[in-house]
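Have a look at protein-v1.cif below; it lists mmCIF, N, CA and C atoms.
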```cif
data_work
loop_
_atom_site.label_atom_id
_atom_site.label_comp_id
_atom_site.auth_asym_id
_atom_site.auth_seq_id
_atom_site.Cartn_x
_atom_site.Cartn_y
_atom_site.Cartn_z
N MET H 1 83.63 104.00 98.12
CA MET H 1 84.42 103.06 98.88
C MET H 1 83.91 103.01 100.32
N LYS H 2 83.76 101.80 100.84
CA LYS H 2 83.28 101.60 102.21
C LYS H 2 84.38 100.92 103.04
N ILE H 3 84.75 101.58 104.13
CA ILE H 3 85.76 101.05 105.04
C ILE H 3 85.18 101.00 106.44
N CYS H 4 85.34 99.85 107.09
CA CYS H 4 84.89 99.69 108.47
C CYS H 4 86.12 99.65 109.38
N ILE H 5 86.10 100.47 110.40
CA ILE H 5 87.15 100.45 111.42
C ILE H 5 86.58 99.71 112.62
N ILE H 6 87.29 98.67 113.04
CA ILE H 6 86.87 97.86 114.17
C ILE H 6 87.96 97.91 115.23
N ASN H 7 87.59 98.38 116.41
CA ASN H 7 88.51 98.46 117.53
C ASN H 7 88.09 97.51 118.64
N GLY H 8 89.07 96.88 119.24
CA GLY H 8 88.82 95.90 120.29
C GLY H 8 88.93 96.46 121.69
N PRO H 9 89.25 95.57 122.65
CA PRO H 9 89.15 95.89 124.06
C PRO H 9 90.03 97.06 124.49
N ASN H 10 89.43 97.86 125.35
CA ASN H 10 90.05 99.00 126.02
C ASN H 10 90.29 100.20 125.11
N LEU H 11 90.01 100.07 123.82
CA LEU H 11 90.20 101.21 122.93
C LEU H 11 89.08 102.23 123.08
N ASN H 12 88.04 101.86 123.79
CA ASN H 12 87.01 102.84 124.18
C ASN H 12 87.57 103.83 125.20
N LEU H 13 88.71 103.53 125.78
CA LEU H 13 89.32 104.40 126.78
C LEU H 13 90.38 105.33 126.20
N LEU H 14 90.52 105.34 124.87
CA LEU H 14 91.48 106.27 124.26
C LEU H 14 91.15 107.69 124.69
N GLY H 15 92.17 108.46 124.97
CA GLY H 15 92.00 109.81 125.49
C GLY H 15 92.12 109.85 127.00
N LYS H 16 91.89 108.72 127.65
CA LYS H 16 92.00 108.60 129.10
C LYS H 16 93.10 107.61 129.49
N ARG H 17 93.19 106.53 128.75
CA ARG H 17 94.09 105.42 129.06
C ARG H 17 95.52 105.73 128.63
N GLU H 18 96.44 105.65 129.53
CA GLU H 18 97.87 105.77 129.24
C GLU H 18 98.15 106.78 128.11
N PRO H 19 97.87 108.06 128.35
CA PRO H 19 98.05 109.06 127.28
C PRO H 19 99.48 109.15 126.76
N GLU H 20 100.46 108.74 127.56
CA GLU H 20 101.85 108.75 127.10
C GLU H 20 102.08 107.73 125.98
N ILE H 21 101.26 106.71 125.92
CA ILE H 21 101.34 105.70 124.85
C ILE H 21 100.31 105.97 123.76
N TYR H 22 99.07 106.27 124.17
CA TYR H 22 97.95 106.32 123.23
C TYR H 22 97.47 107.73 122.88
N GLY H 23 98.01 108.76 123.52
CA GLY H 23 97.60 110.12 123.22
C GLY H 23 96.38 110.55 124.02
N SER H 24 95.95 111.79 123.79
CA SER H 24 94.86 112.37 124.59
C SER H 24 93.55 112.51 123.82
N LEU H 25 93.54 112.06 122.58
CA LEU H 25 92.35 112.16 121.73
C LEU H 25 91.49 110.91 121.88
N THR H 26 90.17 111.11 121.99
CA THR H 26 89.29 109.94 121.98
C THR H 26 89.20 109.43 120.54
N PHE H 27 88.82 108.17 120.37
CA PHE H 27 88.72 107.66 119.00
C PHE H 27 87.56 108.33 118.27
N GLU H 28 86.50 108.65 118.97
CA GLU H 28 85.37 109.31 118.33
C GLU H 28 85.78 110.66 117.76
N GLU H 29 86.62 111.41 118.48
CA GLU H 29 87.13 112.68 117.97
C GLU H 29 88.00 112.44 116.73
N TYR H 30 88.84 111.45 116.81
CA TYR H 30 89.71 111.13 115.69
C TYR H 30 88.92 110.62 114.48
N PHE H 31 87.88 109.85 114.73
CA PHE H 31 87.04 109.32 113.66
C PHE H 31 86.43 110.46 112.84
N THR H 32 85.99 111.51 113.50
CA THR H 32 85.45 112.68 112.82
C THR H 32 86.51 113.30 111.92
N THR H 33 87.74 113.37 112.40
CA THR H 33 88.85 113.89 111.60
C THR H 33 89.07 113.05 110.35
N LEU H 34 89.03 111.72 110.51
CA LEU H 34 89.20 110.83 109.35
C LEU H 34 88.11 111.06 108.31
N GLN H 35 86.89 111.24 108.77
CA GLN H 35 85.77 111.47 107.85
C GLN H 35 85.97 112.77 107.06
N VAL H 36 86.46 113.80 107.72
CA VAL H 36 86.72 115.08 107.04
C VAL H 36 87.88 114.94 106.06
N MET H 37 88.90 114.19 106.44
CA MET H 37 90.08 114.00 105.58
C MET H 37 89.75 113.21 104.32
N HIS H 38 88.75 112.34 104.40
CA HIS H 38 88.42 111.44 103.28
C HIS H 38 86.92 111.51 102.98
N PRO H 39 86.45 112.62 102.42
CA PRO H 39 85.01 112.79 102.20
C PRO H 39 84.40 111.82 101.19
N THR H 40 85.21 111.19 100.37
CA THR H 40 84.67 110.27 99.37
C THR H 40 84.57 108.83 99.90
N VAL H 41 85.05 108.61 101.12
CA VAL H 41 84.99 107.29 101.74
C VAL H 41 83.82 107.24 102.71
N THR H 42 83.06 106.18 102.64
CA THR H 42 82.00 105.94 103.63
C THR H 42 82.60 105.07 104.73
N PHE H 43 82.70 105.65 105.91
CA PHE H 43 83.27 104.94 107.05
C PHE H 43 82.19 104.44 107.98
N SER H 44 82.42 103.30 108.58
CA SER H 44 81.64 102.89 109.74
C SER H 44 82.65 102.55 110.83
N TYR H 45 82.18 102.63 112.06
CA TYR H 45 83.07 102.39 113.20
C TYR H 45 82.36 101.51 114.21
N PHE H 46 83.11 100.55 114.74
CA PHE H 46 82.58 99.65 115.75
C PHE H 46 83.68 99.38 116.77
N GLN H 47 83.31 99.39 118.04
CA GLN H 47 84.23 99.05 119.13
C GLN H 47 83.52 98.13 120.09
N SER H 48 84.25 97.11 120.56
CA SER H 48 83.70 96.23 121.58
C SER H 48 84.84 95.67 122.42
N ASN H 49 84.52 95.41 123.66
CA ASN H 49 85.45 94.73 124.56
C ASN H 49 85.21 93.21 124.54
N ILE H 50 84.25 92.77 123.74
CA ILE H 50 83.81 91.38 123.74
C ILE H 50 84.25 90.69 122.44
N GLU H 51 85.02 89.63 122.58
CA GLU H 51 85.60 88.92 121.44
C GLU H 51 84.55 88.48 120.42
N GLY H 52 83.47 87.87 120.87
CA GLY H 52 82.44 87.38 119.96
C GLY H 52 81.78 88.49 119.17
N GLU H 53 81.60 89.65 119.78
CA GLU H 53 81.01 90.79 119.06
C GLU H 53 81.94 91.27 117.96
N LEU H 54 83.25 91.23 118.20
CA LEU H 54 84.22 91.61 117.16
C LEU H 54 84.15 90.62 115.99
N ILE H 55 84.08 89.34 116.31
CA ILE H 55 83.95 88.32 115.26
C ILE H 55 82.66 88.52 114.48
N ASP H 56 81.56 88.77 115.16
CA ASP H 56 80.28 89.01 114.49
C ASP H 56 80.39 90.19 113.52
N LYS H 57 81.04 91.27 113.94
CA LYS H 57 81.16 92.46 113.09
C LYS H 57 82.06 92.17 111.88
N ILE H 58 83.15 91.46 112.09
CA ILE H 58 84.02 91.08 110.97
C ILE H 58 83.23 90.27 109.95
N GLN H 59 82.44 89.31 110.42
CA GLN H 59 81.63 88.49 109.50
C GLN H 59 80.54 89.32 108.83
N GLU H 60 79.96 90.26 109.55
CA GLU H 60 78.88 91.10 109.00
C GLU H 60 79.34 91.94 107.82
N VAL H 61 80.53 92.56 107.93
CA VAL H 61 81.00 93.47 106.88
C VAL H 61 82.02 92.82 105.96
N GLY H 62 82.43 91.61 106.26
CA GLY H 62 83.54 90.97 105.58
C GLY H 62 83.31 90.47 104.18
N PHE H 63 82.10 90.66 103.65
CA PHE H 63 81.81 90.27 102.28
C PHE H 63 81.22 91.42 101.48
N SER H 64 81.04 92.58 102.11
CA SER H 64 80.37 93.68 101.42
C SER H 64 81.15 95.00 101.46
N TYR H 65 82.16 95.12 102.29
CA TYR H 65 82.95 96.35 102.38
C TYR H 65 84.20 96.23 101.52
N ASP H 66 84.79 97.38 101.22
CA ASP H 66 86.03 97.41 100.44
C ASP H 66 87.26 97.20 101.32
N GLY H 67 87.13 97.45 102.60
CA GLY H 67 88.26 97.27 103.49
C GLY H 67 87.84 97.30 104.94
N ILE H 68 88.62 96.62 105.77
CA ILE H 68 88.44 96.64 107.22
C ILE H 68 89.78 97.03 107.83
N ILE H 69 89.73 97.97 108.74
CA ILE H 69 90.89 98.32 109.55
C ILE H 69 90.60 97.77 110.93
N LEU H 70 91.43 96.84 111.37
CA LEU H 70 91.17 96.11 112.61
C LEU H 70 92.29 96.34 113.62
N ASN H 71 91.91 96.94 114.74
CA ASN H 71 92.80 97.01 115.90
C ASN H 71 92.13 96.14 116.96
N ALA H 72 92.54 94.90 117.03
CA ALA H 72 91.91 93.96 117.95
C ALA H 72 92.46 94.08 119.37
N GLY H 73 93.32 95.07 119.61
CA GLY H 73 93.87 95.25 120.95
C GLY H 73 94.52 93.97 121.43
N ALA H 74 94.34 93.67 122.69
CA ALA H 74 94.97 92.49 123.29
C ALA H 74 94.49 91.18 122.67
N TYR H 75 93.31 91.18 122.04
CA TYR H 75 92.85 89.95 121.38
C TYR H 75 93.76 89.56 120.20
N THR H 76 94.52 90.51 119.68
CA THR H 76 95.48 90.21 118.62
C THR H 76 96.37 89.05 119.02
N HIS H 77 96.75 89.02 120.29
CA HIS H 77 97.76 88.10 120.79
C HIS H 77 97.16 86.82 121.38
N THR H 78 95.83 86.76 121.44
CA THR H 78 95.20 85.63 122.13
C THR H 78 94.09 84.95 121.35
N SER H 79 93.51 85.63 120.35
CA SER H 79 92.27 85.13 119.75
C SER H 79 92.49 84.42 118.41
N ILE H 80 92.48 83.12 118.47
CA ILE H 80 92.49 82.33 117.25
C ILE H 80 91.18 82.56 116.49
N GLY H 81 90.09 82.76 117.23
CA GLY H 81 88.78 83.00 116.62
C GLY H 81 88.76 84.24 115.75
N ILE H 82 89.35 85.33 116.20
CA ILE H 82 89.41 86.55 115.38
C ILE H 82 90.30 86.31 114.17
N GLY H 83 91.42 85.64 114.37
CA GLY H 83 92.28 85.30 113.23
C GLY H 83 91.55 84.46 112.20
N ASP H 84 90.77 83.48 112.66
CA ASP H 84 89.99 82.64 111.75
C ASP H 84 88.92 83.45 111.02
N ALA H 85 88.30 84.41 111.71
CA ALA H 85 87.27 85.25 111.07
C ALA H 85 87.89 86.08 109.95
N VAL H 86 89.07 86.63 110.19
CA VAL H 86 89.76 87.41 109.15
C VAL H 86 90.08 86.51 107.96
N LYS H 87 90.50 85.29 108.23
CA LYS H 87 90.82 84.35 107.15
C LYS H 87 89.58 83.95 106.35
N ALA H 88 88.43 83.91 106.99
CA ALA H 88 87.20 83.42 106.36
C ALA H 88 86.52 84.41 105.42
N ILE H 89 86.83 85.69 105.55
CA ILE H 89 86.11 86.71 104.77
C ILE H 89 86.86 87.06 103.50
N THR H 90 86.18 87.79 102.60
CA THR H 90 86.81 88.21 101.35
C THR H 90 87.29 89.66 101.38
N THR H 91 86.76 90.47 102.28
CA THR H 91 87.18 91.86 102.40
C THR H 91 88.60 91.91 102.96
N PRO H 92 89.51 92.67 102.33
CA PRO H 92 90.86 92.77 102.87
C PRO H 92 90.89 93.49 104.21
N VAL H 93 91.77 93.03 105.09
CA VAL H 93 91.89 93.56 106.44
C VAL H 93 93.31 94.08 106.64
N VAL H 94 93.42 95.29 107.18
CA VAL H 94 94.70 95.81 107.62
C VAL H 94 94.69 95.82 109.14
N GLU H 95 95.64 95.12 109.71
CA GLU H 95 95.80 95.08 111.17
C GLU H 95 96.55 96.35 111.59
N VAL H 96 96.01 97.04 112.58
CA VAL H 96 96.57 98.30 113.04
C VAL H 96 96.80 98.25 114.55
N HIS H 97 97.89 98.86 114.97
CA HIS H 97 98.15 99.08 116.40
C HIS H 97 98.71 100.48 116.57
N ILE H 98 98.24 101.17 117.58
CA ILE H 98 98.68 102.53 117.86
C ILE H 98 100.13 102.52 118.35
N SER H 99 100.45 101.59 119.23
CA SER H 99 101.81 101.49 119.76
C SER H 99 102.61 100.48 118.95
N ASN H 100 103.92 100.52 119.12
CA ASN H 100 104.78 99.52 118.51
C ASN H 100 104.77 98.31 119.43
N THR H 101 104.01 97.31 119.08
CA THR H 101 103.84 96.15 119.95
C THR H 101 105.16 95.41 120.16
N PHE H 102 106.11 95.57 119.26
CA PHE H 102 107.39 94.88 119.40
C PHE H 102 108.33 95.59 120.39
N SER H 103 107.96 96.78 120.81
CA SER H 103 108.76 97.47 121.83
C SER H 103 108.14 97.31 123.21
N ARG H 104 107.13 96.47 123.29
CA ARG H 104 106.42 96.25 124.56
C ARG H 104 106.66 94.83 125.05
N GLU H 105 105.83 94.33 125.92
CA GLU H 105 106.01 93.00 126.51
C GLU H 105 106.08 91.94 125.41
N SER H 106 106.83 90.87 125.70
CA SER H 106 107.06 89.84 124.67
C SER H 106 105.78 89.15 124.22
N PHE H 107 104.76 89.04 125.10
CA PHE H 107 103.52 88.38 124.66
C PHE H 107 102.82 89.18 123.58
N ARG H 108 103.14 90.46 123.43
CA ARG H 108 102.53 91.29 122.39
C ARG H 108 103.21 91.12 121.03
N HIS H 109 104.25 90.32 120.95
CA HIS H 109 104.96 90.11 119.69
C HIS H 109 104.26 89.08 118.80
N GLN H 110 103.32 88.33 119.35
CA GLN H 110 102.57 87.31 118.61
C GLN H 110 101.24 87.89 118.12
N SER H 111 100.89 87.63 116.87
CA SER H 111 99.59 88.05 116.34
C SER H 111 98.93 86.87 115.64
N TYR H 112 97.67 86.62 115.98
CA TYR H 112 96.88 85.61 115.30
C TYR H 112 96.15 86.19 114.08
N ILE H 113 96.36 87.48 113.83
CA ILE H 113 95.69 88.16 112.72
C ILE H 113 96.63 88.38 111.54
N SER H 114 97.87 88.74 111.82
CA SER H 114 98.82 89.18 110.79
C SER H 114 98.91 88.25 109.59
N GLY H 115 98.95 86.95 109.81
CA GLY H 115 99.11 86.00 108.71
C GLY H 115 97.97 85.99 107.72
N ASN H 116 96.83 86.53 108.12
CA ASN H 116 95.65 86.56 107.25
C ASN H 116 95.28 87.98 106.82
N ALA H 117 96.09 88.95 107.22
CA ALA H 117 95.81 90.35 106.90
C ALA H 117 96.51 90.77 105.62
N LYS H 118 95.94 91.79 104.98
CA LYS H 118 96.56 92.40 103.81
C LYS H 118 97.89 93.03 104.20
N GLY H 119 97.95 93.57 105.41
CA GLY H 119 99.15 94.22 105.91
C GLY H 119 99.00 94.56 107.37
N VAL H 120 100.10 95.01 107.96
CA VAL H 120 100.14 95.36 109.38
C VAL H 120 100.82 96.72 109.51
N ILE H 121 100.18 97.62 110.26
CA ILE H 121 100.76 98.94 110.52
C ILE H 121 100.74 99.14 112.02
N LEU H 122 101.90 99.44 112.58
CA LEU H 122 101.95 99.64 114.03
C LEU H 122 103.00 100.66 114.41
N GLY H 123 102.72 101.32 115.52
CA GLY H 123 103.70 102.21 116.12
C GLY H 123 103.65 103.65 115.69
N PHE H 124 102.68 104.05 114.89
CA PHE H 124 102.61 105.42 114.41
C PHE H 124 101.50 106.22 115.09
N GLY H 125 101.09 105.78 116.27
CA GLY H 125 100.01 106.46 116.97
C GLY H 125 98.73 106.37 116.16
N MET H 126 97.88 107.35 116.30
CA MET H 126 96.61 107.36 115.56
C MET H 126 96.85 107.43 114.05
N LYS H 127 98.00 107.94 113.64
CA LYS H 127 98.32 108.01 112.21
C LYS H 127 98.34 106.61 111.58
N SER H 128 98.48 105.58 112.40
CA SER H 128 98.43 104.21 111.88
C SER H 128 97.14 103.96 111.10
N TYR H 129 96.03 104.55 111.57
CA TYR H 129 94.75 104.38 110.88
C TYR H 129 94.77 105.09 109.53
N GLU H 130 95.39 106.27 109.47
CA GLU H 130 95.48 107.00 108.20
C GLU H 130 96.31 106.22 107.19
N LEU H 131 97.38 105.61 107.65
CA LEU H 131 98.22 104.80 106.76
C LEU H 131 97.43 103.61 106.24
N ALA H 132 96.62 103.01 107.10
CA ALA H 132 95.78 101.88 106.68
C ALA H 132 94.77 102.33 105.62
N ILE H 133 94.15 103.46 105.84
CA ILE H 133 93.19 103.99 104.85
C ILE H 133 93.89 104.19 103.51
N ALA H 134 95.09 104.78 103.54
CA ALA H 134 95.84 105.02 102.30
C ALA H 134 96.08 103.73 101.52
N SER H 135 96.21 102.62 102.22
CA SER H 135 96.45 101.35 101.54
C SER H 135 95.25 100.88 100.73
N PHE H 136 94.07 101.41 101.04
CA PHE H 136 92.86 101.03 100.30
C PHE H 136 92.53 101.99 99.17
N LEU H 137 93.13 103.15 99.16
CA LEU H 137 92.79 104.17 98.16
C LEU H 137 93.56 103.99 96.87
#
```

Have the structure of the file written as structure tokens, please.
Amino acid sequence: MKICIINGPNLNLLGKREPEIYGSLTFEEYFTTLQVMHPTVTFSYFQSNIEGELIDKIQEVGFSYDGIILNAGAYTHTSIGIGDAVKAITTPVVEVHISNTFSRESFRHQSYISGNAKGVILGFGMKSYELAIASFL
């Protein structure tokens, strides 16, 4: 099984950025933990702060992987292009958010991805990624 985790803007700052919301672990540290927890899964990981690069990655893996876990960060609430990319591919996508976006600012309550995703997991911290992985197993 091949799963690609794609993280969007500012998620490269995990471990430094607002630790009270996002925790103190970097995603790279957490990614290693996921690989150990699921030795039979082949994971790839991509992060970008650039919308077009995220779309390119979704299109690149969107016809050959078994699953995509997508945390598009703030682009979730603004990018019709990312939503369209998710709709265009055949690989199922689980939208993930570390925080509960519905307990935050009202502009974070809108998602251009959710309607085209297999499911949405939010508010469970980094464990949100583990829950997404479980949905593919």

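Nearest residue to Thr42 in chain H among H:Pro9, H:Ile55, H:Gln110, H:Met1 is H:Met1, counting only C-alpha atoms.
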
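On the backbone of this structure, DSSP gives alpha helix (DSSP H) within range 50-98 of chain H to Glu51, Gly52, Glu53, Leu54, Ile55, Asp56, Lys57, Ile58, Gln59, Glu60, Val61, Ile80, Gly81, Ile82, Gly83, Asp84, Ala85, Val86, Lys87 and Ala88 of chain H.
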
*All residues 6 Å or closer to range 87-94 of chain H, only N, CA and C atoms, same chain fewer than 5 positions away omitted, as JSON, numbers by chain*: {"H": [62, 63, 65, 66, 67, 68, 69, 70, 116, 117, 118, 119, 120, 121]}

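Of the listed residues H:Asn10, H:Ser135, H:Val41, H:Arg108, the one whose atoms come nearest to Thr76 in chain H is H:Arg108, with distances taken using all atoms listed in the file.
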
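For the pair CA of Ser128 in chain H and CA of Phe31 in chain H, the interatomic distance is 12.6 Å.
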
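CA of Phe136 in chain H to CA of Ile113 in chain H spans 18.1 Å [interatomic distance, one decimal].
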
*Give the strand (DSSP E) residues of chain H, as assigned by DSSP on the backbone, as a ChimeraX atom specification.*
/H:2-7,42-47,67-71,93-97,119-122

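Nearest-residue note for Val96 in chain H: choosing from H:Lys127, H:Lys2, H:Arg17, H:His38, the minimum distance belongs to H:Lys127, counting only C-alpha atoms.
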
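The closest residue to Thr78 in chain H, picked from H:Ser111, H:Glu60, H:Met37, H:Met126 and counting only C-alpha atoms, is H:Ser111.
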
_Nearest to Asn71 in chain H, chosen from H:Glu28, H:Asp56, H:Glu105, H:Glu95, with only C-alpha atoms counted in the distances_ = H:Glu95

Completion of range 33-44 of chain H up to all heavy atoms, as an mmCIF file, in the coordinates of the input:
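Written out: part29.cif:
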```
data_model
loop_
_atom_site.group_PDB
_atom_site.id
_atom_site.type_symbol
_atom_site.label_atom_id
_atom_site.label_comp_id
_atom_site.auth_asym_id
_atom_site.auth_seq_id
_atom_site.Cartn_x
_atom_site.Cartn_y
_atom_site.Cartn_z
ATOM 1 N N THR H 33 87.740 113.370 112.400
ATOM 2 C CA THR H 33 88.850 113.890 111.600
ATOM 3 C C THR H 33 89.070 113.050 110.350
ATOM 4 O O THR H 33 89.268 113.571 109.252
ATOM 5 C CB THR H 33 90.144 113.940 112.448
ATOM 6 O OG1 THR H 33 89.917 114.775 113.577
ATOM 7 C CG2 THR H 33 91.325 114.454 111.648
ATOM 8 N N LEU H 34 89.030 111.720 110.510
ATOM 9 C CA LEU H 34 89.200 110.830 109.350
ATOM 10 C C LEU H 34 88.110 111.060 108.310
ATOM 11 O O LEU H 34 88.382 111.067 107.103
ATOM 12 C CB LEU H 34 89.194 109.365 109.796
ATOM 13 C CG LEU H 34 90.371 108.888 110.628
ATOM 14 C CD1 LEU H 34 90.149 107.447 111.075
ATOM 15 C CD2 LEU H 34 91.673 109.020 109.856
ATOM 16 N N GLN H 35 86.890 111.240 108.770
ATOM 17 C CA GLN H 35 85.770 111.470 107.850
ATOM 18 C C GLN H 35 85.970 112.770 107.060
ATOM 19 O O GLN H 35 85.690 112.810 105.863
ATOM 20 C CB GLN H 35 84.452 111.507 108.610
ATOM 21 C CG GLN H 35 84.055 110.147 109.162
ATOM 22 C CD GLN H 35 82.830 110.225 110.051
ATOM 23 O OE1 GLN H 35 82.788 111.012 110.990
ATOM 24 N NE2 GLN H 35 81.844 109.392 109.742
ATOM 25 N N VAL H 36 86.460 113.800 107.720
ATOM 26 C CA VAL H 36 86.720 115.080 107.040
ATOM 27 C C VAL H 36 87.880 114.940 106.060
ATOM 28 O O VAL H 36 87.832 115.478 104.951
ATOM 29 C CB VAL H 36 86.992 116.188 108.090
ATOM 30 C CG1 VAL H 36 87.506 117.465 107.436
ATOM 31 C CG2 VAL H 36 85.738 116.476 108.907
ATOM 32 N N MET H 37 88.900 114.190 106.440
ATOM 33 C CA MET H 37 90.080 114.000 105.580
ATOM 34 C C MET H 37 89.750 113.210 104.320
ATOM 35 O O MET H 37 90.411 113.387 103.295
ATOM 36 C CB MET H 37 91.181 113.259 106.354
ATOM 37 C CG MET H 37 91.843 114.064 107.425
ATOM 38 S SD MET H 37 92.995 113.063 108.425
ATOM 39 C CE MET H 37 94.168 112.535 107.196
ATOM 40 N N HIS H 38 88.750 112.340 104.400
ATOM 41 C CA HIS H 38 88.420 111.440 103.280
ATOM 42 C C HIS H 38 86.920 111.510 102.980
ATOM 43 O O HIS H 38 86.180 110.549 103.227
ATOM 44 C CB HIS H 38 88.825 110.006 103.622
ATOM 45 C CG HIS H 38 90.282 109.857 103.911
ATOM 46 N ND1 HIS H 38 91.233 109.814 102.920
ATOM 47 C CD2 HIS H 38 90.947 109.764 105.089
ATOM 48 C CE1 HIS H 38 92.428 109.697 103.471
ATOM 49 N NE2 HIS H 38 92.282 109.667 104.781
ATOM 50 N N PRO H 39 86.450 112.620 102.420
ATOM 51 C CA PRO H 39 85.010 112.790 102.200
ATOM 52 C C PRO H 39 84.400 111.820 101.190
ATOM 53 O O PRO H 39 83.187 111.630 101.192
ATOM 54 C CB PRO H 39 84.889 114.250 101.721
ATOM 55 C CG PRO H 39 86.236 114.584 101.171
ATOM 56 C CD PRO H 39 87.225 113.780 101.958
ATOM 57 N N THR H 40 85.210 111.190 100.370
ATOM 58 C CA THR H 40 84.670 110.270 99.370
ATOM 59 C C THR H 40 84.570 108.830 99.900
ATOM 60 O O THR H 40 84.047 107.957 99.217
ATOM 61 C CB THR H 40 85.544 110.252 98.100
ATOM 62 O OG1 THR H 40 86.863 109.817 98.443
ATOM 63 C CG2 THR H 40 85.600 111.630 97.467
ATOM 64 N N VAL H 41 85.050 108.610 101.120
ATOM 65 C CA VAL H 41 84.990 107.290 101.740
ATOM 66 C C VAL H 41 83.820 107.240 102.710
ATOM 67 O O VAL H 41 83.612 108.166 103.496
ATOM 68 C CB VAL H 41 86.304 106.955 102.480
ATOM 69 C CG1 VAL H 41 86.209 105.613 103.188
ATOM 70 C CG2 VAL H 41 87.494 106.987 101.529
ATOM 71 N N THR H 42 83.060 106.180 102.640
ATOM 72 C CA THR H 42 82.000 105.940 103.630
ATOM 73 C C THR H 42 82.600 105.070 104.730
ATOM 74 O O THR H 42 82.983 103.925 104.480
ATOM 75 C CB THR H 42 80.794 105.229 102.990
ATOM 76 O OG1 THR H 42 80.302 106.035 101.922
ATOM 77 C CG2 THR H 42 79.701 104.981 104.015
ATOM 78 N N PHE H 43 82.700 105.650 105.910
ATOM 79 C CA PHE H 43 83.270 104.940 107.050
ATOM 80 C C PHE H 43 82.190 104.440 107.980
ATOM 81 O O PHE H 43 81.167 105.111 108.172
ATOM 82 C CB PHE H 43 84.177 105.874 107.884
ATOM 83 C CG PHE H 43 85.460 106.250 107.223
ATOM 84 C CD1 PHE H 43 85.619 107.502 106.658
ATOM 85 C CD2 PHE H 43 86.531 105.367 107.185
ATOM 86 C CE1 PHE H 43 86.811 107.864 106.058
ATOM 87 C CE2 PHE H 43 87.727 105.721 106.595
ATOM 88 C CZ PHE H 43 87.872 106.973 106.026
ATOM 89 N N SER H 44 82.420 103.300 108.580
ATOM 90 C CA SER H 44 81.640 102.890 109.740
ATOM 91 C C SER H 44 82.650 102.550 110.830
ATOM 92 O O SER H 44 83.812 102.242 110.545
ATOM 93 C CB SER H 44 80.732 101.703 109.427
ATOM 94 O OG SER H 44 81.483 100.567 109.084
#
```
